[in-house]
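S.K.: My file is my_file_2.txt. It has compact mmCIF, C-alpha atoms:
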```
# COMPACT_ATOMS: atom_id res chain seq x y z
CA MET A 18 19.01 27.17 -31.88
CA LYS A 19 19.76 23.47 -31.58
CA ALA A 20 16.54 22.32 -33.30
CA SER A 21 17.05 24.53 -36.35
CA VAL A 22 20.73 23.57 -36.69
CA LYS A 23 19.83 19.89 -36.62
CA ALA A 24 17.13 20.47 -39.26
CA VAL A 25 19.56 22.21 -41.59
CA ARG A 26 22.14 19.45 -41.34
CA LYS A 27 19.80 16.53 -42.05
CA ALA A 28 18.44 16.13 -45.57
CA VAL A 29 16.66 12.87 -44.72
CA MET A 30 14.74 11.55 -41.74
CA LYS A 31 13.40 8.33 -40.27
CA ALA A 32 9.66 7.68 -40.06
CA VAL A 33 7.42 4.89 -38.72
CA VAL A 34 5.47 3.77 -41.78
CA VAL A 35 2.76 1.11 -41.98
CA HIS A 36 2.65 -0.60 -45.38
CA GLY A 37 -0.14 -3.07 -44.67
CA PRO A 38 -1.39 -5.54 -42.04
CA ASP A 39 1.49 -6.61 -39.78
CA ASP A 40 3.93 -4.63 -41.91
CA VAL A 41 5.45 -1.61 -40.20
CA ARG A 42 8.88 -0.31 -41.21
CA ILE A 43 11.34 2.40 -40.30
CA ASP A 44 11.59 4.13 -43.65
CA GLU A 45 13.95 6.88 -44.70
CA ARG A 46 12.22 9.87 -46.24
CA ALA A 47 13.22 13.30 -47.41
CA ARG A 48 13.08 15.89 -44.65
CA PRO A 49 10.13 18.16 -45.40
CA VAL A 50 10.52 21.86 -46.12
CA PRO A 51 7.87 24.12 -44.56
CA GLY A 52 5.75 25.91 -47.13
CA GLU A 53 3.70 29.09 -46.88
CA GLY A 54 1.98 29.23 -43.49
CA GLU A 55 3.75 26.10 -42.19
CA VAL A 56 6.38 25.32 -39.60
CA LEU A 57 8.86 22.48 -39.53
CA MET A 58 8.64 20.52 -36.29
CA ALA A 59 11.52 18.48 -34.93
CA MET A 60 9.51 15.73 -33.26
CA GLU A 61 10.47 14.53 -29.80
CA TRP A 62 7.69 12.32 -28.37
CA GLY A 63 4.70 10.40 -29.70
CA GLY A 64 2.07 8.30 -27.97
CA ILE A 65 0.69 5.12 -29.55
CA CYS A 66 -3.10 5.13 -29.94
CA GLY A 67 -5.62 2.42 -30.76
CA SER A 68 -5.94 3.69 -34.33
CA ASP A 69 -2.19 3.24 -34.84
CA LEU A 70 -2.55 -0.36 -33.69
CA ALA A 71 -5.54 -0.90 -35.99
CA TYR A 72 -3.65 0.27 -39.08
CA TRP A 73 -0.71 -1.94 -38.10
CA LYS A 74 -2.71 -5.08 -37.33
CA ARG A 75 -5.54 -4.83 -39.87
CA GLY A 76 -4.51 -2.22 -42.43
CA ALA A 77 -7.59 -0.23 -41.50
CA SER A 78 -9.06 1.85 -38.71
CA GLY A 79 -12.83 2.05 -38.66
CA THR A 80 -13.91 2.71 -42.24
CA ALA A 81 -10.50 4.08 -43.29
CA THR A 82 -8.44 1.52 -45.22
CA LEU A 83 -4.82 1.77 -46.28
CA ALA A 84 -4.31 2.31 -49.99
CA HIS A 85 -0.69 3.47 -49.65
CA PRO A 86 2.04 3.47 -46.97
CA LEU A 87 1.16 5.77 -44.07
CA VAL A 88 3.24 7.47 -41.38
CA LEU A 89 1.52 6.70 -38.09
CA GLY A 90 0.93 8.96 -35.10
CA HIS A 91 -1.30 11.82 -34.02
CA GLU A 92 -0.29 12.22 -30.35
CA VAL A 93 2.96 14.15 -30.80
CA ALA A 94 5.04 17.03 -29.52
CA GLY A 95 8.41 18.53 -30.27
CA ARG A 96 10.10 21.83 -31.09
CA ILE A 97 9.87 24.23 -33.98
CA ALA A 98 12.89 23.71 -36.22
CA ALA A 99 12.09 26.28 -38.90
CA LEU A 100 9.38 28.75 -39.88
CA GLY A 101 7.88 28.83 -43.34
CA PRO A 102 7.07 32.04 -45.20
CA GLY A 103 4.34 34.14 -43.62
CA VAL A 104 4.42 32.54 -40.18
CA THR A 105 4.39 34.95 -37.24
CA GLY A 106 3.92 34.57 -33.51
CA LEU A 107 6.03 31.41 -33.26
CA ALA A 108 9.78 30.95 -32.80
CA GLU A 109 12.45 28.42 -33.65
CA GLY A 110 13.21 26.15 -30.71
CA GLN A 111 9.76 26.70 -29.18
CA PRO A 112 8.22 23.54 -27.62
CA VAL A 113 4.84 22.75 -29.16
CA THR A 114 2.18 20.13 -29.71
CA VAL A 115 -0.31 19.75 -32.55
CA HIS A 116 -4.06 19.86 -33.02
CA PRO A 117 -4.12 16.97 -35.52
CA ALA A 118 -7.37 17.90 -37.31
CA GLU A 119 -7.58 19.97 -40.51
CA LEU A 120 -10.98 20.78 -41.98
CA VAL A 121 -11.14 20.34 -45.74
CA GLY A 122 -13.40 22.82 -47.53
CA ASP A 123 -15.27 25.80 -46.12
CA GLY A 124 -15.83 24.29 -42.67
CA ALA A 125 -19.51 25.23 -42.71
CA LEU A 126 -21.79 23.21 -40.43
CA PRO A 127 -25.58 23.09 -40.06
CA SER A 128 -26.84 25.44 -37.37
CA ALA A 129 -27.87 22.49 -35.20
CA ILE A 130 -24.22 21.53 -34.71
CA ALA A 131 -22.56 24.91 -35.19
CA GLY A 132 -19.12 25.01 -33.64
CA ARG A 133 -18.84 21.25 -33.28
CA THR A 134 -16.01 20.99 -35.78
CA ASN A 135 -15.24 17.41 -34.71
CA LEU A 136 -18.45 16.47 -36.57
CA TYR A 137 -17.45 18.15 -39.83
CA PRO A 138 -17.67 15.41 -42.48
CA HIS A 139 -14.35 16.08 -44.21
CA ILE A 140 -11.40 16.19 -41.81
CA ARG A 141 -7.80 15.32 -42.49
CA TYR A 142 -6.34 13.92 -39.29
CA PHE A 143 -2.70 13.16 -38.59
CA GLY A 144 -1.96 9.50 -39.26
CA SER A 145 -5.26 8.78 -41.05
CA ALA A 146 -6.09 6.88 -44.25
CA ALA A 147 -9.57 8.42 -44.49
CA PHE A 148 -8.49 10.42 -47.57
CA ASP A 149 -6.47 9.42 -50.61
CA PRO A 150 -3.76 10.59 -50.59
CA HIS A 151 -3.52 9.72 -46.91
CA THR A 152 -2.57 12.20 -44.20
CA ASP A 153 0.78 11.24 -42.74
CA GLY A 154 1.12 11.38 -38.97
CA GLY A 155 3.91 12.59 -36.78
CA PHE A 156 5.88 9.45 -35.91
CA SER A 157 8.89 10.83 -37.74
CA GLU A 158 11.91 12.92 -36.94
CA TYR A 159 10.39 15.95 -38.67
CA ARG A 160 6.95 17.04 -39.85
CA ALA A 161 5.76 20.13 -41.69
CA VAL A 162 2.64 21.40 -39.90
CA ARG A 163 0.19 24.20 -40.69
CA ALA A 164 0.84 27.02 -38.25
CA GLU A 165 -2.80 27.17 -37.13
CA GLN A 166 -2.53 23.57 -35.92
CA ILE A 167 0.42 24.38 -33.66
CA ARG A 168 -0.20 24.73 -29.93
CA PRO A 169 2.71 26.17 -27.88
CA LEU A 170 3.40 24.30 -24.67
CA PRO A 171 3.24 26.18 -21.37
CA GLU A 172 6.65 26.82 -19.84
CA SER A 173 6.20 24.15 -17.17
CA VAL A 174 5.08 21.41 -19.61
CA GLY A 175 7.70 19.21 -21.28
CA THR A 176 7.27 17.66 -24.69
CA GLU A 177 6.58 14.16 -23.35
CA ALA A 178 3.57 15.41 -21.37
CA GLY A 179 2.72 17.68 -24.28
CA ALA A 180 2.30 14.65 -26.53
CA LEU A 181 -0.49 13.52 -24.19
CA ALA A 182 -2.47 16.75 -24.61
CA GLU A 183 -4.33 15.16 -27.54
CA PRO A 184 -5.70 12.10 -25.66
CA LEU A 185 -6.38 14.30 -22.64
CA ALA A 186 -8.44 16.52 -24.94
CA VAL A 187 -10.46 13.46 -25.98
CA ALA A 188 -11.17 12.76 -22.31
CA LEU A 189 -12.08 16.38 -21.58
CA HIS A 190 -14.47 16.41 -24.53
CA ALA A 191 -16.12 13.25 -23.19
CA VAL A 192 -16.75 14.70 -19.74
CA GLY A 193 -17.91 17.92 -21.38
CA ARG A 194 -20.72 15.99 -23.06
CA VAL A 195 -22.39 15.96 -19.61
CA PRO A 196 -23.61 19.48 -18.80
CA ALA A 197 -23.04 19.25 -15.04
CA LEU A 198 -20.69 16.77 -13.39
CA GLN A 199 -20.11 18.66 -10.14
CA GLY A 200 -20.97 16.51 -7.13
CA ARG A 201 -22.12 13.50 -9.16
CA THR A 202 -21.09 9.85 -8.90
CA VAL A 203 -19.22 8.47 -11.90
CA LEU A 204 -18.29 5.08 -13.33
CA VAL A 205 -15.53 4.75 -15.93
CA ASN A 206 -15.68 1.33 -17.58
CA GLY A 207 -12.37 0.58 -19.29
CA ALA A 208 -9.21 1.91 -17.69
CA GLY A 209 -6.94 2.05 -20.69
CA PRO A 210 -5.16 5.34 -21.41
CA ILE A 211 -8.33 7.16 -22.49
CA GLY A 212 -10.38 5.74 -19.64
CA SER A 213 -7.76 6.68 -17.08
CA LEU A 214 -7.61 10.20 -18.53
CA VAL A 215 -11.43 10.34 -18.32
CA VAL A 216 -11.01 9.57 -14.60
CA ALA A 217 -8.72 12.60 -14.27
CA ALA A 218 -11.01 14.78 -16.38
CA ALA A 219 -14.05 13.83 -14.29
CA ARG A 220 -12.20 14.77 -11.14
CA LEU A 221 -11.22 18.09 -12.72
CA ARG A 222 -14.90 18.71 -13.47
CA GLY A 223 -15.79 18.19 -9.81
CA ALA A 224 -17.20 14.64 -9.74
CA ALA A 225 -17.91 13.60 -6.17
CA SER A 226 -16.57 10.08 -6.67
CA VAL A 227 -15.14 8.06 -9.54
CA VAL A 228 -15.09 4.27 -9.77
CA ALA A 229 -12.99 2.64 -12.52
CA ALA A 230 -13.61 -0.88 -13.82
CA ASP A 231 -11.40 -3.05 -16.00
CA LEU A 232 -10.17 -6.61 -16.54
CA SER A 233 -6.54 -5.60 -15.94
CA ALA A 234 -5.08 -5.00 -12.49
CA SER A 235 -2.29 -2.87 -13.95
CA SER A 236 -4.80 -0.65 -15.76
CA LEU A 237 -6.76 -0.22 -12.55
CA ALA A 238 -3.57 0.84 -10.79
CA VAL A 239 -3.16 3.59 -13.40
CA ALA A 240 -6.78 4.67 -12.91
CA ARG A 241 -6.20 4.96 -9.16
CA ALA A 242 -3.11 7.06 -9.79
CA MET A 243 -5.21 9.33 -12.02
CA GLY A 244 -7.80 9.88 -9.30
CA ALA A 245 -10.19 6.93 -9.12
CA GLY A 246 -11.41 6.60 -5.55
CA ALA A 247 -12.37 2.94 -6.04
CA THR A 248 -11.88 0.22 -8.64
CA ARG A 249 -13.60 -2.97 -9.77
CA ASP A 250 -11.48 -5.83 -11.11
CA LEU A 251 -13.82 -7.49 -13.56
CA SER A 252 -11.44 -10.41 -14.09
CA ARG A 253 -12.11 -11.39 -10.49
CA GLY A 254 -15.85 -11.07 -10.79
CA GLU A 255 -16.08 -7.85 -8.80
CA PRO A 256 -19.44 -6.19 -9.57
CA LEU A 257 -19.90 -2.74 -10.99
CA PRO A 258 -21.23 -0.14 -8.57
CA GLU A 259 -24.96 0.49 -8.47
CA ASP A 260 -26.92 3.60 -9.42
CA VAL A 261 -24.10 5.88 -10.56
CA ASP A 262 -25.24 9.22 -11.94
CA VAL A 263 -22.99 9.12 -15.01
CA ALA A 264 -21.16 6.23 -16.68
CA PHE A 265 -18.39 6.63 -19.22
CA GLU A 266 -18.05 3.48 -21.33
CA ALA A 267 -14.44 3.56 -22.50
CA SER A 268 -13.78 -0.08 -23.39
CA GLY A 269 -15.64 -0.17 -26.72
CA ALA A 270 -16.71 -3.76 -25.99
CA PRO A 271 -20.36 -4.43 -26.94
CA SER A 272 -20.56 -7.05 -24.20
CA ALA A 273 -19.89 -4.30 -21.64
CA LEU A 274 -22.95 -2.28 -22.58
CA GLY A 275 -25.49 -4.34 -20.65
CA PRO A 276 -23.67 -4.22 -17.30
CA VAL A 277 -22.83 -0.52 -17.73
CA LEU A 278 -26.44 0.37 -18.48
CA ARG A 279 -27.57 -1.64 -15.45
CA ALA A 280 -25.02 0.15 -13.22
CA THR A 281 -26.39 3.56 -14.21
CA ALA A 282 -29.14 5.08 -12.05
CA ARG A 283 -32.61 5.43 -13.51
CA GLY A 284 -32.71 8.62 -15.50
CA GLY A 285 -28.90 8.73 -15.57
CA THR A 286 -26.47 9.30 -18.42
CA VAL A 287 -24.10 6.98 -20.29
CA VAL A 288 -21.37 8.53 -22.44
CA GLN A 289 -19.94 6.23 -25.09
CA VAL A 290 -16.23 7.04 -25.35
CA GLY A 291 -14.81 3.72 -26.57
CA ASN A 292 -15.21 3.09 -30.30
CA LEU A 293 -17.87 0.46 -30.97
CA PRO A 294 -17.58 -1.91 -33.94
CA GLY A 295 -18.82 -0.75 -37.32
CA THR A 296 -20.43 -4.13 -37.89
CA ALA A 297 -23.22 -6.00 -36.14
CA ALA A 298 -22.37 -7.22 -32.65
CA PRO A 299 -24.55 -8.64 -29.86
CA ALA A 300 -25.29 -6.31 -26.96
CA THR A 301 -27.80 -6.21 -24.12
CA LEU A 302 -29.58 -2.87 -24.30
CA GLY A 303 -32.92 -3.38 -22.54
CA ASP A 304 -32.07 -1.15 -19.58
CA LEU A 305 -31.61 1.80 -21.92
CA VAL A 306 -35.40 1.90 -22.25
CA THR A 307 -36.67 0.65 -18.92
CA ARG A 308 -34.30 2.85 -16.90
CA GLU A 309 -34.93 5.78 -19.27
CA LEU A 310 -31.23 6.47 -19.67
CA THR A 311 -29.60 9.10 -21.85
CA TRP A 312 -26.95 7.43 -24.03
CA ILE A 313 -24.72 9.85 -25.92
CA GLY A 314 -21.61 9.51 -28.04
CA SER A 315 -18.31 11.33 -27.77
CA TYR A 316 -16.02 11.73 -30.78
CA ARG A 317 -12.52 13.20 -30.70
CA PHE A 318 -12.65 16.84 -29.56
CA VAL A 319 -13.16 20.42 -30.74
CA ASP A 320 -10.71 22.80 -29.07
CA GLU A 321 -10.33 21.00 -25.74
CA ILE A 322 -6.63 20.54 -26.48
CA ASP A 323 -6.25 24.13 -25.25
CA THR A 324 -8.05 23.20 -22.02
CA ALA A 325 -5.78 20.16 -21.75
CA LEU A 326 -2.67 22.34 -21.95
CA THR A 327 -4.09 24.63 -19.27
CA ALA A 328 -4.72 21.63 -17.02
CA LEU A 329 -1.16 20.41 -17.57
CA ARG A 330 0.16 23.90 -16.82
CA ASP A 331 -1.85 23.98 -13.62
CA GLY A 332 -0.33 20.76 -12.36
CA LEU A 333 -2.30 17.82 -13.72
CA ASP A 334 0.21 14.95 -13.79
CA VAL A 335 -0.43 12.57 -16.70
CA THR A 336 2.80 10.60 -16.33
CA PRO A 337 1.08 7.71 -14.45
CA VAL A 338 -0.58 6.85 -17.77
CA ILE A 339 2.83 6.20 -19.37
CA SER A 340 3.92 2.58 -18.98
CA HIS A 341 6.66 2.12 -21.59
CA ARG A 342 9.10 4.20 -23.62
CA PHE A 343 10.85 3.09 -26.81
CA PRO A 344 13.06 4.81 -29.38
CA LEU A 345 11.64 5.34 -32.85
CA THR A 346 13.85 2.57 -34.23
CA ARG A 347 12.03 0.02 -32.02
CA ALA A 348 8.57 1.07 -33.13
CA GLU A 349 7.40 -2.44 -34.01
CA GLU A 350 8.35 -3.66 -30.55
CA ALA A 351 6.51 -0.68 -29.06
CA LEU A 352 3.39 -1.49 -31.07
CA THR A 353 3.59 -5.12 -30.00
CA VAL A 354 3.73 -4.15 -26.33
CA ALA A 355 0.89 -1.66 -26.73
CA ALA A 356 -1.30 -4.32 -28.36
CA ASP A 357 -0.60 -7.10 -25.84
CA PRO A 358 -2.92 -7.13 -22.80
CA ALA A 359 -0.47 -9.43 -21.01
CA ALA A 360 2.28 -6.81 -21.29
CA GLY A 361 0.62 -4.61 -18.69
CA SER A 362 0.88 -1.59 -20.96
CA SER A 363 -1.00 1.67 -20.74
CA LYS A 364 0.29 4.55 -22.88
CA VAL A 365 3.36 3.46 -24.83
CA MET A 366 5.56 6.36 -25.90
CA LEU A 367 7.98 6.67 -28.78
CA ARG A 368 11.01 8.89 -28.47
CA LEU A 369 11.11 10.40 -31.93
CA GLY A 370 14.08 12.71 -31.62
CA GLU A 371 16.28 14.59 -29.20
CA ALA A 372 13.85 15.04 -26.31
CA GLU A 373 14.28 17.10 -23.19
CA GLY A 374 11.22 15.59 -21.45
```
Please, can you express the file's structure as structure tokens?

M.R.:
Amino acid sequence: MKASVKAVRKAVMKAVVVHGPDDVRIDERARPVPGEGEVLMAMEWGGICGSDLAYWKRGASGTATLAHPLVLGHEVAGRIAALGPGVTGLAEGQPVTVHPAELVGDGALPSAIAGRTNLYPHIRYFGSAAFDPHTDGGFSEYRAVRAEQIRPLPESVGTEAGALAEPLAVALHAVGRVPALQGRTVLVNGAGPIGSLVVAAARLRGAASVVAADLSASSLAVARAMGAGATRDLSRGEPLPEDVDVAFEASGAPSALGPVLRATARGGTVVQVGNLPGTAAPATLGDLVTRELTWIGSYRFVDEIDTALTALRDGLDVTPVISHRFPLTRAEEALTVAADPAAGSSKVMLRLGEAEG
């Protein structure tokens, strides 16, 4: 098939590699060869995430710091170009996405968190510097991937939408942290790509109404397209709604915590989706106690990427989240747009190879 022919002909490939703060390059690397239990993916689409921006701007994401050059990208999809020895059940040319997490070690967890593999302490994640050597991501023309991390795309789902299965899985995991969302009122604070996907996920889970809040009018427009019944433009001083049953805080801004807690009904639930700083930061938290709120965190996902693919198959349209598309060779420009609030960007996509959509 076309993908395998292209793989055979090319001995080298291009990759988006961050070398340090404000230093991203299009490097030429040897095309990988799939080993035992691996497949070679010909990448087609990748979505830029906040962690990609953090490595590019600061040389670190959370507690993970660059020690060596790193290929960015964990929101990716493409087609299988070749099968390594021992791989069955997959086929060359098949459109697929990737579960970017690989557990290192025996994968055993304490009984209290059994099955919650996202909390396993030693995980290699696509495009992460948490380990040395680092784990390269998928912003490259090809990537060798362990077969168990491959997720075939449903027939009706193209590779561009398939690249968004990973962030949609993050959103689905967040809404799944609330046992029952059916018929409840919801606030989503922060209408970036993850927040807007949380809007869609909350609607899928049967929320009665969803209000999205943000400082950006363009982000709020995306949230409305993803199912928000109402919005609050915080840049214009519009107040948050009152007494919502569940609030999803997706901005990661400590200054947002006080207003979000106050907007949540007494006895309600706040799910922290946005990454908070790892250092001390001022926040107003008094209402957490006096309103007796439940405040819970949400980190990555377990196997919700499979649920995400089912939702895409069943007609969930995630394309409103996409604001810009760039070829791999213009990756620095794409990162710049994704990082600039004035650019009106939501999910910025990289076309990594010969994509069919």

S.K.: Quick one, how far is CA of Arg48 in chain A from CA of Ala355 in chain A?

M.R.: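 Those two atoms sit 27.9 Å apart.
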
S.K.: Leaving out range 128-136 of chain A and any residue of its chain fewer than 4 positions from it, which residues lie within 10 Å of it when counting only C-alpha atoms, given as a PyMOL selection string?

M.R.: chain A and resi 118-120+124+140+315-320

S.K.: Would you mind reading off the distance between CA of Arg330 in chain A and CA of Leu189 in chain A, one decimal, in Å?

M.R.: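 Computing it gives 15.1 Å between the two atoms.
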
S.K.: If I put a ball of radius 7 Å at (-28.6, -3.1, -17.7) in the file's coordinates, which residues poke into it when counting only C-alpha atoms, written as a list of chain:residue names?

M.R.: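 The residues that fall inside the cut-off are A:Gly275, A:Pro276, A:Val277, A:Leu278, A:Arg279, A:Ala280, A:Leu302, A:Gly303, A:Asp304.
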
S.K.: What's the 8 Å shell around range 91-102 of chain A, counting all atoms listed in the file, without same-chain residues fewer than 6 positions away, as a PyMOL selection string?

M.R.: chain A and resi 20-24+50-66+108-115+117+142-144+154-156+176-177+179-184+372

S.K.: For Thr336 in chain A, list every protein, DNA or RNA residue within 10 Å, evaluated using only C-alpha atoms, and leave out those in the same chain fewer than 6 positions away; present the list as a short mmCIF file (atom, residue, chain, number, x, y, z; two decimals) with C-alpha atoms, in the coordinates of the input.

M.R.:
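See part02.cif below for the written result:
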```cif
data_model
loop_
_atom_site.label_atom_id
_atom_site.label_comp_id
_atom_site.auth_asym_id
_atom_site.auth_seq_id
_atom_site.Cartn_x
_atom_site.Cartn_y
_atom_site.Cartn_z
CA GLU A 177 6.58 14.16 -23.35
CA ALA A 178 3.57 15.41 -21.37
CA LEU A 181 -0.49 13.52 -24.19
CA VAL A 239 -3.16 3.59 -13.40
CA ALA A 242 -3.11 7.06 -9.79
CA MET A 243 -5.21 9.33 -12.02
CA LYS A 364 0.29 4.55 -22.88
#
```

S.K.: Just to confirm, what's the straight-line distance from CA of Gly332 in chain A to CA of Leu185 in chain A in Å (one decimal)?

M.R.: 13.6 Å

S.K.: Neighbouring residues of Ala217 in chain A were defined as those with any atom within 10 Å, considering all atoms listed in the file; residues of the same chain fewer than 6 positions away were excluded. Please report them as a PyMOL selection string.

M.R.: chain A and resi 185+188-189+192+211+224+227+240-245+333-335

S.K.: Residues as selected, C-alpha atoms, written as a tab-separated table (two decimals), keeping the file's coordinate frame, can you do that?

M.R.:
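Wrote part30.tsv, looks like this:
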```
chain	number	residue	atom	x	y	z
A	185	LEU	CA	-6.38	14.30	-22.64
A	188	ALA	CA	-11.17	12.76	-22.31
A	189	LEU	CA	-12.08	16.38	-21.58
A	192	VAL	CA	-16.75	14.70	-19.74
A	211	ILE	CA	-8.33	7.16	-22.49
A	224	ALA	CA	-17.20	14.64	-9.74
A	227	VAL	CA	-15.14	8.06	-9.54
A	240	ALA	CA	-6.78	4.67	-12.91
A	241	ARG	CA	-6.20	4.96	-9.16
A	242	ALA	CA	-3.11	7.06	-9.79
A	243	MET	CA	-5.21	9.33	-12.02
A	244	GLY	CA	-7.80	9.88	-9.30
A	245	ALA	CA	-10.19	6.93	-9.12
A	333	LEU	CA	-2.30	17.82	-13.72
A	334	ASP	CA	0.21	14.95	-13.79
A	335	VAL	CA	-0.43	12.57	-16.70
```

S.K.: I'd like to know which of A:Val35, A:Pro169, A:Thr152, A:Leu310 is closest to Val121 in chain A, using all atoms listed in the file.

M.R.: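 Of the candidates, the smallest distance to Val121 in chain A is held by A:Thr152.
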
S.K.: Using all atoms listed in the file, determine which residues lie at most 6 Å from Asp44 in chain A, disregarding the query and same-chain residues fewer than 2 positions distant; provide the list as a list in words.

M.R.: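 These residues fall inside the cut-off: Lys31, Ala32 and Arg42 of chain A.
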
S.K.: A:Gly103, A:Val288, A:Ala191, A:Gly295: which is nearest Ala77 in chain A, counting only C-alpha atoms?

M.R.: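 Of A:Gly103, A:Val288, A:Ala191, A:Gly295, the one nearest Ala77 in chain A is A:Gly295, counting only C-alpha atoms.
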
S.K.: Select, from A:Glu172, A:Gly223, A:Gly207, A:Asn292, the residue with the minimum atom-to-atom distance to Leu251 in chain A, counting only C-alpha atoms.

M.R.: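 Selected residue with least distance to Leu251 in chain A: A:Gly207.
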
S.K.: With only C-alpha atoms as the atoms that count, which of A:His116, A:Arg141, A:Arg347, A:His151 lies nearest to Ile322 in chain A?

M.R.: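 With only C-alpha atoms as the atom set, the closest residue is A:His116.
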
S.K.: I need the residue nearest Ala234 in chain A from this list: A:Gly122, A:Pro49, A:Gly361, A:Gly67. Use only C-alpha atoms for the distance.

M.R.: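 Residue with the minimum atom-to-atom distance to Ala234 in chain A: A:Gly361.
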
S.K.: Because some atoms of range 283-289 of chain A are absent here, can you restore all heavy atoms and send them as a PDB file, keeping the file's coordinate frame?

M.R.:
```pdb
ATOM      1  N   ARG A 283     -31.468   5.091 -12.668  1.00  0.00           N
ATOM      2  CA  ARG A 283     -32.610   5.430 -13.510  1.00  0.00           C
ATOM      3  C   ARG A 283     -32.595   6.923 -13.814  1.00  0.00           C
ATOM      4  O   ARG A 283     -32.416   7.750 -12.923  1.00  0.00           O
ATOM      5  CB  ARG A 283     -33.921   5.032 -12.807  1.00  0.00           C
ATOM      6  CG  ARG A 283     -34.051   3.525 -12.610  1.00  0.00           C
ATOM      7  CD  ARG A 283     -35.298   3.161 -11.828  1.00  0.00           C
ATOM      8  NE  ARG A 283     -35.338   1.725 -11.573  1.00  0.00           N
ATOM      9  CZ  ARG A 283     -35.809   0.809 -12.409  1.00  0.00           C
ATOM     10  NH1 ARG A 283     -36.329   1.211 -13.573  1.00  0.00           N
ATOM     11  NH2 ARG A 283     -35.792  -0.472 -12.105  1.00  0.00           N
ATOM     12  N   GLY A 284     -32.760   7.233 -15.077  1.00  0.00           N
ATOM     13  CA  GLY A 284     -32.710   8.620 -15.500  1.00  0.00           C
ATOM     14  C   GLY A 284     -31.307   9.167 -15.652  1.00  0.00           C
ATOM     15  O   GLY A 284     -31.135  10.358 -15.918  1.00  0.00           O
ATOM     16  N   GLY A 285     -30.288   8.298 -15.482  1.00  0.00           N
ATOM     17  CA  GLY A 285     -28.900   8.730 -15.570  1.00  0.00           C
ATOM     18  C   GLY A 285     -28.394   8.820 -16.997  1.00  0.00           C
ATOM     19  O   GLY A 285     -29.151   8.677 -17.967  1.00  0.00           O
ATOM     20  N   THR A 286     -27.090   9.045 -17.121  1.00  0.00           N
ATOM     21  CA  THR A 286     -26.470   9.300 -18.420  1.00  0.00           C
ATOM     22  C   THR A 286     -25.307   8.349 -18.656  1.00  0.00           C
ATOM     23  O   THR A 286     -24.485   8.138 -17.757  1.00  0.00           O
ATOM     24  CB  THR A 286     -25.961  10.746 -18.515  1.00  0.00           C
ATOM     25  OG1 THR A 286     -27.059  11.646 -18.324  1.00  0.00           O
ATOM     26  CG2 THR A 286     -25.312  11.023 -19.860  1.00  0.00           C
ATOM     27  N   VAL A 287     -25.236   7.803 -19.857  1.00  0.00           N
ATOM     28  CA  VAL A 287     -24.100   6.980 -20.290  1.00  0.00           C
ATOM     29  C   VAL A 287     -23.436   7.680 -21.467  1.00  0.00           C
ATOM     30  O   VAL A 287     -24.101   8.020 -22.453  1.00  0.00           O
ATOM     31  CB  VAL A 287     -24.550   5.570 -20.708  1.00  0.00           C
ATOM     32  CG1 VAL A 287     -23.354   4.759 -21.213  1.00  0.00           C
ATOM     33  CG2 VAL A 287     -25.237   4.854 -19.553  1.00  0.00           C
ATOM     34  N   VAL A 288     -22.134   7.921 -21.357  1.00  0.00           N
ATOM     35  CA  VAL A 288     -21.370   8.530 -22.440  1.00  0.00           C
ATOM     36  C   VAL A 288     -20.509   7.453 -23.078  1.00  0.00           C
ATOM     37  O   VAL A 288     -19.695   6.813 -22.401  1.00  0.00           O
ATOM     38  CB  VAL A 288     -20.478   9.679 -21.912  1.00  0.00           C
ATOM     39  CG1 VAL A 288     -19.710  10.316 -23.069  1.00  0.00           C
ATOM     40  CG2 VAL A 288     -21.313  10.728 -21.191  1.00  0.00           C
ATOM     41  N   GLN A 289     -20.695   7.244 -24.372  1.00  0.00           N
ATOM     42  CA  GLN A 289     -19.940   6.230 -25.090  1.00  0.00           C
ATOM     43  C   GLN A 289     -18.647   6.847 -25.608  1.00  0.00           C
ATOM     44  O   GLN A 289     -18.660   7.636 -26.561  1.00  0.00           O
ATOM     45  CB  GLN A 289     -20.753   5.653 -26.246  1.00  0.00           C
ATOM     46  CG  GLN A 289     -20.108   4.452 -26.916  1.00  0.00           C
ATOM     47  CD  GLN A 289     -19.968   3.275 -25.960  1.00  0.00           C
ATOM     48  OE1 GLN A 289     -20.884   2.972 -25.208  1.00  0.00           O
ATOM     49  NE2 GLN A 289     -18.820   2.627 -25.988  1.00  0.00           N
TER      50      GLN A 289
END
```
